[in-house]
Amino acid sequence: MTVAARARPVGFQLHITGMTCASCVMRVERSIKAVPGVREASVNLATEQATVSAEASVRAEDVAHAVRQAGYEVATKDVAPRIEGKTRASRVARFKKWLAGGWPVAAGVVLTVPLAAPMLLALFGVDWRLDGWLQLVLATVVQFGLGARFYVAGWKALRARSGNMDLLVALGTSAAYGLSAFLLLAHADQGVAHLYFEASAAVITLVLLGKWLEGRAKRQTVDAIRALNALRPTTARLRRGVAEVEVPVEQVSVGDLVLVRPGERIAVDGEIIEGRSHVDESLITGESLPVAKVVGDRVTGGAINAEGALTVKTLAVGAETTLARIIRMVESAQMGKAPIQRIVDRVSAVFVPVVLVIAAGTFLGWALATGDGAQALLNAVSVLVIACPCALGLATPTAIMAGTGVAARHGILIKDAEALEMAQAVTVVAFDKTGTLTEGRPSLVSVVAAPGRTEDEVLGLCAALQSSSEHPLAHAVMDQVRALRLPVPQAHGTQALPGRGLQAVVHGETLTLGSTRLLRELGAEMGALQHDADRHEREGRTLSWLIHKDADRARMLGLLAFGDTVKLSARQAVSRLHELGIETVMLSGDNRGSAEAVARELGIEHVRAEVLPGDKAAVVQELRSRGRTVAMVGDGINDAPALAAADVGIAMSTGTDVAMETAGITLMRGDPRLVADALDISRRTCATLKRGLFWAFAYNVVGIPLAALGLLNPVVAGAAMAFSSVSVVANALLLRRWRAAAAPKEH
């Protein structure tokens with residue numbers, strides 16, 4: 001083997017489980033990069049995937065071993081996870097699947113309520129206490145059953161010489177639990193007035209709730225990739241000589257001839273060599289209307305063929321198709337690190353060792369100064385109790401729950417804390433046009449009649465030709481006819497002209513309705529309609545021509561102009577964002593005339609037209625490179641890369657599932673005014689969260705020195721800890737008072 005061969009890079013992926021935070025990601029990346037021959041390693045916490053680039057001499061088993069040595073489970077496509085029967089690995093997998101559900105949270109609530117009830121009842125003057133031994137049983141199940149995961153993760157953090165939230169939870173709850181158990185065992189015969197089991201159980205239950213919500217967000221992120229993959233056809237129909245053979249799409253090669261029937265998804269990227277039709281490429285270009293395709297035109301895998309049969313010569317398959325590149329762009333964007341690290345995790349790296357040192361110093365200092373070991377232990381435990389991260393654990397989940405709750409009531413779905421953190425800093429909002437600022441479906445904008453004809457007559461004849469068509473333009477015509485209650489004459493011998501239009505006999509005359517391409521083919525002159533046609537084309541309208549065809553010539557009867565209607569609430573949405581000091585940009589796959597017409601109507605100054613999905617993502621990255629915090633608002637599959645590349649992705653629920661799963665925020669109504677509401681809620685929620693964390697740390701900063709000096713006994717320390725939790729929750733509940741600046745109107 002030559003040196004060049006040995007240096008040839010290889011790539012593979014690993015599925016890693018057991019990671020809980022950004023520090024876990026850093027530890028896994030460090031362990032992989034420490035393997036000789038590994039060049040690069042990137043770990044995605046959301047998808048639990050590690051992408052590794054290494055020299056050819058590096059085996060996947062070597063990397064997997066390094067990850068396991070760091071304390072995490074791993075499986076690769078090359079290394080089969082040996083989980084068979086009722087092995088320990090299978091039991092662990094089943095246990096982790098159970099943890100992924102909501103059962104631990106529900107169980108924690110059931111076990112914690114009896115422990116916390118006496119404290120709550122005391123507020124109303126009711127003196128009731130649960131038997132101490134029963135408290136011990138309930139708290140033990142929560143502490144070492146439901147809370148086992150925090151000990152495991154905390155131990156990993158210690159091994160890596162770092163601190164995280166899991167370690168804080170494990171230490172704080174253990175201190176409260178241990179003190180309570182000590183008091184119960186030491187003074188059981190005398191009766192114990194104060195135990196702190198409810199503190200440890202409540203912290204574990206609430207943090208479990210936050211972990212569960214985080215897990216749901218992770219799974220939804222992975223679902224976005226799965227939804228994109230689901231758009232790929234699994235089979236293709238090939239022409240082999242005179243025969244047709246259906247094969248798995250993986251067996252299609254460049255140069256193969258693929259047959260596509262009406263209504264089917266196109267399996268490959270290619271070029272049409274036979275047939276003509278309309279193709280719905282909205283997932284790629286964002287065009288609101290199907291695009292006419294003829295011989296020589298390119299088509300994209302995943303697009304939907306309309307009415308005509310096509311023969312496509314394969315130009316790209318598998319990973320080289322446009323849809324596959326979109327998927328890779330989404331994955332690449334999601335691989336990026338969160339721009340704002342968790343405040344709690346950063347501080348905990350310093351907070352935990354400091355608390356341990358203070359507690360140890362308190363014990364030694366009091367023991368040496370007074371010789372009273374019991375008092376020294378109580379003072380040391382008081383330090384740990386006051387430092388128990390009750391308020392710290394409550395500050396983030398309660399603020400997020402309150403903020404997301406009020407948002408949901410106003411039709412805004414916020415999936416995770418990262419979306420909240422980033423949305424409050426947004427300075428630029430980039431809108432997709434079709435389906436976001438516009439209705440996303442064509443409407444009849446204008447009917448122009450040739451001299452000697454009336455508009456109602458032209459519209460009635462067009463409706464006759466299109467009465468049985470399922471084309472979006474036909475629906476727009478029929479909607480207008482029904483609204484005006486116009487009579488529709490009978491059409492005979494209706495015939496589709498694939499990629500061009502329709503032909504039928506009405507009142508004994510042969511009429512055609514179709515595109516400008518059909519107009520030229522028939523040799524018809526625009527005549528008096530030329531001026532109106534030019535005006536509508538400048539505004540980006542789609543034109544259909546009604547032509548009377550006889551043996552000698554083709555004569556113009558009228559013109560229909562179609563456009564995508566701007567949403568009534570869109571201008572208000574843009575205006576409100578401008579009032580908030582937020583810049584707006586519009587991105588569209590439509591032609592420049594159509595895009596600029598919409599932008600002028602809405603008051604948007606910056607327009608990027610005729611952009612493909614990769615271009616949209618590139619524009620977002622360009623804005624971010626200028627130091628802007630960018631929110632992308634879209635509704636289609638074609639918007640997925642830009643939604644993932646933006647600091648905050650905002651999707652309309654009226655669009656595709658892929659857009660919603662990729663975005664961090666989903667608007668449950670197709671009302672763009674909700675964008676400003678979402679950003680406002682985010683700002684208020686983040687302000688509330690920061691206030692909660694400030695007070696949580698303030699209690700520790702003040703309480704820990706008092707406890708170390710012996711001025712706080714465990715009872716007072718426990719009361720202070722409980723009060724800090726109540727204040728943090730009360731602070732978060734203020735978010736429930738939020739109201740939208742202007743309630744959206746139903747149309």
# chains A, B, ... in the order shown; residues from 1 in each chain; ligands from 1
$ select_by_dssp --residues "stretch 424-574 of chain A" --states "helix (DSSP H, G or I)" --output "NGL selection string"
:A and (433-437 or 455-466 or 472-484 or 516-522 or 527-538 or 570-574)
$ residues_around --residues "stretch 503-508 of chain A" --least-positions-apart "5" --cutoff "7 Å" --atoms "only C-alpha atoms" --output "MDAnalysis selection string"
chainID A and resid 465 490:496 513
$ residues_around --residues "stretch 690-699 of chain A" --least-positions-apart "2" --cutoff "7 Å" --atoms "only C-alpha atoms" --output "VMD selection string"
chain A and resid 391 to 392 395 686 to 688 701 to 703 724 728 731
$ residues_around --residues "A:Leu315" --least-positions-apart "5" --cutoff "6 Å" --atoms "only C-alpha atoms" --output "VMD selection string"
chain A and resid 254 269 to 270
$ residues_around --residues "A:Glu596" --least-positions-apart "2" --cutoff "12 Å" --atoms "only C-alpha atoms" --output "JSON, numbers by chain"
{"A": [433, 538, 539, 540, 541, 585, 586, 587, 588, 589, 590, 591, 592, 593, 594, 598, 599, 600, 601, 602, 603, 604, 605, 606, 607, 608, 609, 610]}
$ select_by_dssp --residues "stretch 415-655 of chain A" --states "strand (DSSP E)" --output "VMD selection string"
chain A and resid 428 to 432 438 to 449 491 to 497 501 to 506 509 to 514 542 to 549 554 to 566 583 to 587 606 to 608 630 to 634 648 to 652
$ residues_around --residues "stretch 426-429 of chain A" --least-positions-apart "6" --cutoff "7 Å" --atoms "only C-alpha atoms" --output "ChimeraX atom specification"
/A:582-585,628-632
$ residues_around --residues "A:Glu198" --least-positions-apart "5" --cutoff "9 Å" --atoms "only C-alpha atoms" --output "list in words"
Thr112, Val113, Pro114, Leu115, Ala116, Ala117, Met119, Gln135, Ala139, Ala176, Tyr177 and Val203 of chain A
$ write_last_selection --atoms "all heavy atoms" --output "mmCIF file, in the first residue's frame"
data_model
loop_
_atom_site.group_PDB
_atom_site.id
_atom_site.type_symbol
_atom_site.label_atom_id
_atom_site.label_comp_id
_atom_site.auth_asym_id
_atom_site.auth_seq_id
_atom_site.Cartn_x
_atom_site.Cartn_y
_atom_site.Cartn_z
ATOM 1 N N THR A 112 -44.253 13.036 44.302
ATOM 2 C CA THR A 112 -43.813 14.280 44.937
ATOM 3 C C THR A 112 -44.957 15.048 45.593
ATOM 4 O O THR A 112 -44.753 15.723 46.612
ATOM 5 C CB THR A 112 -43.112 15.175 43.890
ATOM 6 O OG1 THR A 112 -42.012 14.456 43.321
ATOM 7 C CG2 THR A 112 -42.589 16.450 44.517
ATOM 8 N N VAL A 113 -46.142 14.974 45.015
ATOM 9 C CA VAL A 113 -47.275 15.726 45.565
ATOM 10 C C VAL A 113 -47.510 15.444 47.046
ATOM 11 O O VAL A 113 -47.680 16.376 47.852
ATOM 12 C CB VAL A 113 -48.548 15.468 44.739
ATOM 13 C CG1 VAL A 113 -49.791 15.962 45.475
ATOM 14 C CG2 VAL A 113 -48.446 16.157 43.381
ATOM 15 N N PRO A 114 -47.518 14.169 47.508
ATOM 16 C CA PRO A 114 -47.706 13.929 48.948
ATOM 17 C C PRO A 114 -46.599 14.534 49.809
ATOM 18 O O PRO A 114 -46.841 14.931 50.954
ATOM 19 C CB PRO A 114 -47.707 12.395 49.052
ATOM 20 C CG PRO A 114 -48.075 11.915 47.690
ATOM 21 C CD PRO A 114 -47.477 12.895 46.751
ATOM 22 N N LEU A 115 -45.379 14.620 49.260
ATOM 23 C CA LEU A 115 -44.263 15.182 50.020
ATOM 24 C C LEU A 115 -44.381 16.699 50.136
ATOM 25 O O LEU A 115 -44.054 17.287 51.177
ATOM 26 C CB LEU A 115 -42.937 14.823 49.339
ATOM 27 C CG LEU A 115 -42.577 13.328 49.297
ATOM 28 C CD1 LEU A 115 -41.352 13.110 48.417
ATOM 29 C CD2 LEU A 115 -42.313 12.800 50.705
ATOM 30 N N ALA A 116 -44.853 17.346 49.062
ATOM 31 C CA ALA A 116 -44.954 18.806 49.056
ATOM 32 C C ALA A 116 -46.254 19.313 49.665
ATOM 33 O O ALA A 116 -46.359 20.495 50.004
ATOM 34 C CB ALA A 116 -44.816 19.320 47.616
ATOM 35 N N ALA A 117 -47.246 18.445 49.824
ATOM 36 C CA ALA A 117 -48.555 18.863 50.328
ATOM 37 C C ALA A 117 -48.496 19.570 51.685
ATOM 38 O O ALA A 117 -49.156 20.596 51.875
ATOM 39 C CB ALA A 117 -49.503 17.674 50.373
ATOM 40 N N MET A 119 -46.224 21.469 53.035
ATOM 41 C CA MET A 119 -45.734 22.835 52.887
ATOM 42 C C MET A 119 -46.807 23.727 52.266
ATOM 43 O O MET A 119 -46.998 24.868 52.676
ATOM 44 C CB MET A 119 -44.470 22.841 52.014
ATOM 45 C CG MET A 119 -43.855 24.226 51.820
ATOM 46 S SD MET A 119 -42.327 24.172 50.840
ATOM 47 C CE MET A 119 -42.948 23.615 49.264
ATOM 48 N N GLN A 135 -42.360 9.234 53.993
ATOM 49 C CA GLN A 135 -41.633 10.226 53.193
ATOM 50 C C GLN A 135 -40.335 9.632 52.649
ATOM 51 O O GLN A 135 -39.972 9.849 51.487
ATOM 52 C CB GLN A 135 -41.307 11.462 54.039
ATOM 53 C CG GLN A 135 -42.511 12.314 54.406
ATOM 54 C CD GLN A 135 -42.085 13.600 55.098
ATOM 55 O OE1 GLN A 135 -41.224 14.316 54.596
ATOM 56 N NE2 GLN A 135 -42.681 13.879 56.261
ATOM 57 N N ALA A 139 -39.476 9.424 48.714
ATOM 58 C CA ALA A 139 -38.318 10.191 48.240
ATOM 59 C C ALA A 139 -37.226 9.283 47.690
ATOM 60 O O ALA A 139 -36.521 9.646 46.739
ATOM 61 C CB ALA A 139 -37.762 11.049 49.371
ATOM 62 N N ALA A 176 -30.071 17.375 50.220
ATOM 63 C CA ALA A 176 -31.369 17.478 50.890
ATOM 64 C C ALA A 176 -31.870 16.111 51.337
ATOM 65 O O ALA A 176 -32.372 15.950 52.455
ATOM 66 C CB ALA A 176 -32.378 18.131 49.952
ATOM 67 N N TYR A 177 -31.725 15.125 50.474
ATOM 68 C CA TYR A 177 -32.163 13.771 50.813
ATOM 69 C C TYR A 177 -31.331 13.196 51.960
ATOM 70 O O TYR A 177 -31.860 12.620 52.921
ATOM 71 C CB TYR A 177 -32.053 12.868 49.585
ATOM 72 C CG TYR A 177 -32.383 11.417 49.868
ATOM 73 C CD1 TYR A 177 -33.686 10.949 49.777
ATOM 74 C CD2 TYR A 177 -31.379 10.512 50.230
ATOM 75 C CE1 TYR A 177 -33.990 9.616 50.045
ATOM 76 C CE2 TYR A 177 -31.673 9.187 50.502
ATOM 77 C CZ TYR A 177 -32.979 8.741 50.412
ATOM 78 O OH TYR A 177 -33.270 7.430 50.681
ATOM 79 N N VAL A 203 -37.193 18.900 42.786
ATOM 80 C CA VAL A 203 -36.159 19.279 41.820
ATOM 81 C C VAL A 203 -36.021 18.211 40.738
ATOM 82 O O VAL A 203 -35.991 18.508 39.543
ATOM 83 C CB VAL A 203 -34.812 19.508 42.530
ATOM 84 C CG1 VAL A 203 -33.689 19.641 41.507
ATOM 85 C CG2 VAL A 203 -34.886 20.746 43.384
#
$ closest_residue --among "A:Ala573, A:Val291, A:Leu368, A:Leu138" --to "A:Ser515" --atoms "only C-alpha atoms"
A:Val291
$ decode --residues "stretch 573-620 of chain A" --atoms "N, CA and C atoms" --output "short mmCIF file (atom, residue, chain, number, x, y, z; two decimals), in the first residue's frame"
data_model
loop_
_atom_site.label_atom_id
_atom_site.label_comp_id
_atom_site.auth_asym_id
_atom_site.auth_seq_id
_atom_site.Cartn_x
_atom_site.Cartn_y
_atom_site.Cartn_z
N ALA A 573 -48.35 43.02 9.01
CA ALA A 573 -47.24 42.28 9.60
C ALA A 573 -45.91 42.97 9.34
N VAL A 574 -45.69 43.38 8.09
CA VAL A 574 -44.44 44.05 7.72
C VAL A 574 -44.33 45.39 8.45
N SER A 575 -45.43 46.12 8.51
CA SER A 575 -45.42 47.43 9.17
C SER A 575 -45.07 47.30 10.65
N ARG A 576 -45.64 46.29 11.32
CA ARG A 576 -45.36 46.13 12.74
C ARG A 576 -43.90 45.75 12.98
N LEU A 577 -43.34 44.92 12.12
CA LEU A 577 -41.92 44.57 12.26
C LEU A 577 -41.05 45.80 12.10
N HIS A 578 -41.39 46.65 11.15
CA HIS A 578 -40.62 47.89 10.97
C HIS A 578 -40.73 48.78 12.21
N GLU A 579 -41.90 48.81 12.84
CA GLU A 579 -42.06 49.59 14.07
C GLU A 579 -41.19 49.04 15.20
N LEU A 580 -40.94 47.73 15.19
CA LEU A 580 -40.09 47.11 16.20
C LEU A 580 -38.61 47.29 15.88
N GLY A 581 -38.31 47.97 14.76
CA GLY A 581 -36.92 48.19 14.38
C GLY A 581 -36.29 47.00 13.69
N ILE A 582 -37.12 46.12 13.13
CA ILE A 582 -36.64 44.91 12.48
C ILE A 582 -36.72 45.08 10.97
N GLU A 583 -35.62 44.80 10.30
CA GLU A 583 -35.56 44.91 8.84
C GLU A 583 -36.25 43.70 8.20
N THR A 584 -36.87 43.90 7.04
CA THR A 584 -37.55 42.81 6.34
C THR A 584 -36.94 42.59 4.96
N VAL A 585 -36.86 41.31 4.57
CA VAL A 585 -36.33 40.91 3.27
C VAL A 585 -37.29 39.87 2.70
N MET A 586 -37.53 39.89 1.40
CA MET A 586 -38.38 38.89 0.77
C MET A 586 -37.56 38.03 -0.18
N LEU A 587 -37.66 36.70 -0.03
CA LEU A 587 -36.98 35.74 -0.90
C LEU A 587 -38.04 34.96 -1.65
N SER A 588 -37.84 34.78 -2.96
CA SER A 588 -38.85 34.09 -3.75
C SER A 588 -38.23 33.36 -4.92
N GLY A 589 -38.81 32.20 -5.23
CA GLY A 589 -38.41 31.48 -6.42
C GLY A 589 -39.15 31.96 -7.65
N ASP A 590 -40.14 32.86 -7.47
CA ASP A 590 -40.91 33.39 -8.59
C ASP A 590 -40.08 34.37 -9.41
N ASN A 591 -40.64 34.75 -10.57
CA ASN A 591 -39.92 35.69 -11.42
C ASN A 591 -39.85 37.07 -10.76
N ARG A 592 -38.90 37.89 -11.25
CA ARG A 592 -38.63 39.17 -10.61
C ARG A 592 -39.84 40.11 -10.66
N GLY A 593 -40.55 40.12 -11.76
CA GLY A 593 -41.70 41.02 -11.86
C GLY A 593 -42.74 40.73 -10.81
N SER A 594 -43.07 39.45 -10.62
CA SER A 594 -44.06 39.06 -9.62
C SER A 594 -43.58 39.40 -8.21
N ALA A 595 -42.31 39.08 -7.92
CA ALA A 595 -41.76 39.32 -6.58
C ALA A 595 -41.73 40.82 -6.25
N GLU A 596 -41.29 41.64 -7.20
CA GLU A 596 -41.18 43.08 -6.93
C GLU A 596 -42.56 43.72 -6.80
N ALA A 597 -43.55 43.21 -7.52
CA ALA A 597 -44.90 43.75 -7.39
C ALA A 597 -45.45 43.52 -5.98
N VAL A 598 -45.22 42.33 -5.45
CA VAL A 598 -45.67 42.02 -4.09
C VAL A 598 -44.90 42.87 -3.08
N ALA A 599 -43.59 43.01 -3.27
CA ALA A 599 -42.78 43.79 -2.34
C ALA A 599 -43.24 45.25 -2.28
N ARG A 600 -43.55 45.84 -3.44
CA ARG A 600 -44.02 47.22 -3.47
C ARG A 600 -45.34 47.35 -2.72
N GLU A 601 -46.21 46.40 -2.90
CA GLU A 601 -47.51 46.45 -2.24
C GLU A 601 -47.39 46.36 -0.72
N LEU A 602 -46.39 45.61 -0.24
CA LEU A 602 -46.24 45.38 1.20
C LEU A 602 -45.28 46.36 1.87
N GLY A 603 -44.51 47.12 1.10
CA GLY A 603 -43.55 48.04 1.70
C GLY A 603 -42.23 47.39 2.07
N ILE A 604 -41.91 46.26 1.42
CA ILE A 604 -40.62 45.59 1.65
C ILE A 604 -39.60 46.14 0.65
N GLU A 605 -38.47 46.62 1.16
CA GLU A 605 -37.48 47.27 0.29
C GLU A 605 -36.51 46.29 -0.35
N HIS A 606 -36.16 45.23 0.36
CA HIS A 606 -35.13 44.30 -0.12
C HIS A 606 -35.78 43.04 -0.67
N VAL A 607 -35.50 42.73 -1.94
CA VAL A 607 -36.12 41.58 -2.62
C VAL A 607 -35.04 40.75 -3.29
N ARG A 608 -35.12 39.45 -3.12
CA ARG A 608 -34.27 38.51 -3.86
C ARG A 608 -35.23 37.56 -4.61
N ALA A 609 -35.25 37.66 -5.93
CA ALA A 609 -36.18 36.86 -6.74
C ALA A 609 -35.43 35.78 -7.50
N GLU A 610 -36.21 34.79 -8.01
CA GLU A 610 -35.68 33.71 -8.83
C GLU A 610 -34.55 32.97 -8.13
N VAL A 611 -34.74 32.69 -6.83
CA VAL A 611 -33.71 32.00 -6.06
C VAL A 611 -34.13 30.57 -5.79
N LEU A 612 -33.16 29.65 -5.88
CA LEU A 612 -33.39 28.24 -5.57
C LEU A 612 -33.16 28.03 -4.07
N PRO A 613 -33.52 26.84 -3.54
CA PRO A 613 -33.36 26.60 -2.09
C PRO A 613 -31.95 26.88 -1.58
N GLY A 614 -30.95 26.44 -2.34
CA GLY A 614 -29.58 26.70 -1.90
C GLY A 614 -29.26 28.17 -1.86
N ASP A 615 -29.85 28.93 -2.81
CA ASP A 615 -29.64 30.38 -2.84
C ASP A 615 -30.29 31.05 -1.64
N LYS A 616 -31.49 30.56 -1.25
CA LYS A 616 -32.16 31.12 -0.07
C LYS A 616 -31.30 30.93 1.17
N ALA A 617 -30.77 29.71 1.33
CA ALA A 617 -29.90 29.45 2.48
C ALA A 617 -28.65 30.31 2.42
N ALA A 618 -28.13 30.52 1.20
CA ALA A 618 -26.92 31.35 1.05
C ALA A 618 -27.21 32.81 1.42
N VAL A 619 -28.40 33.31 1.05
CA VAL A 619 -28.76 34.67 1.42
C VAL A 619 -28.85 34.81 2.93
N VAL A 620 -29.45 33.81 3.58
CA VAL A 620 -29.54 33.83 5.04
C VAL A 620 -28.14 33.84 5.66
#
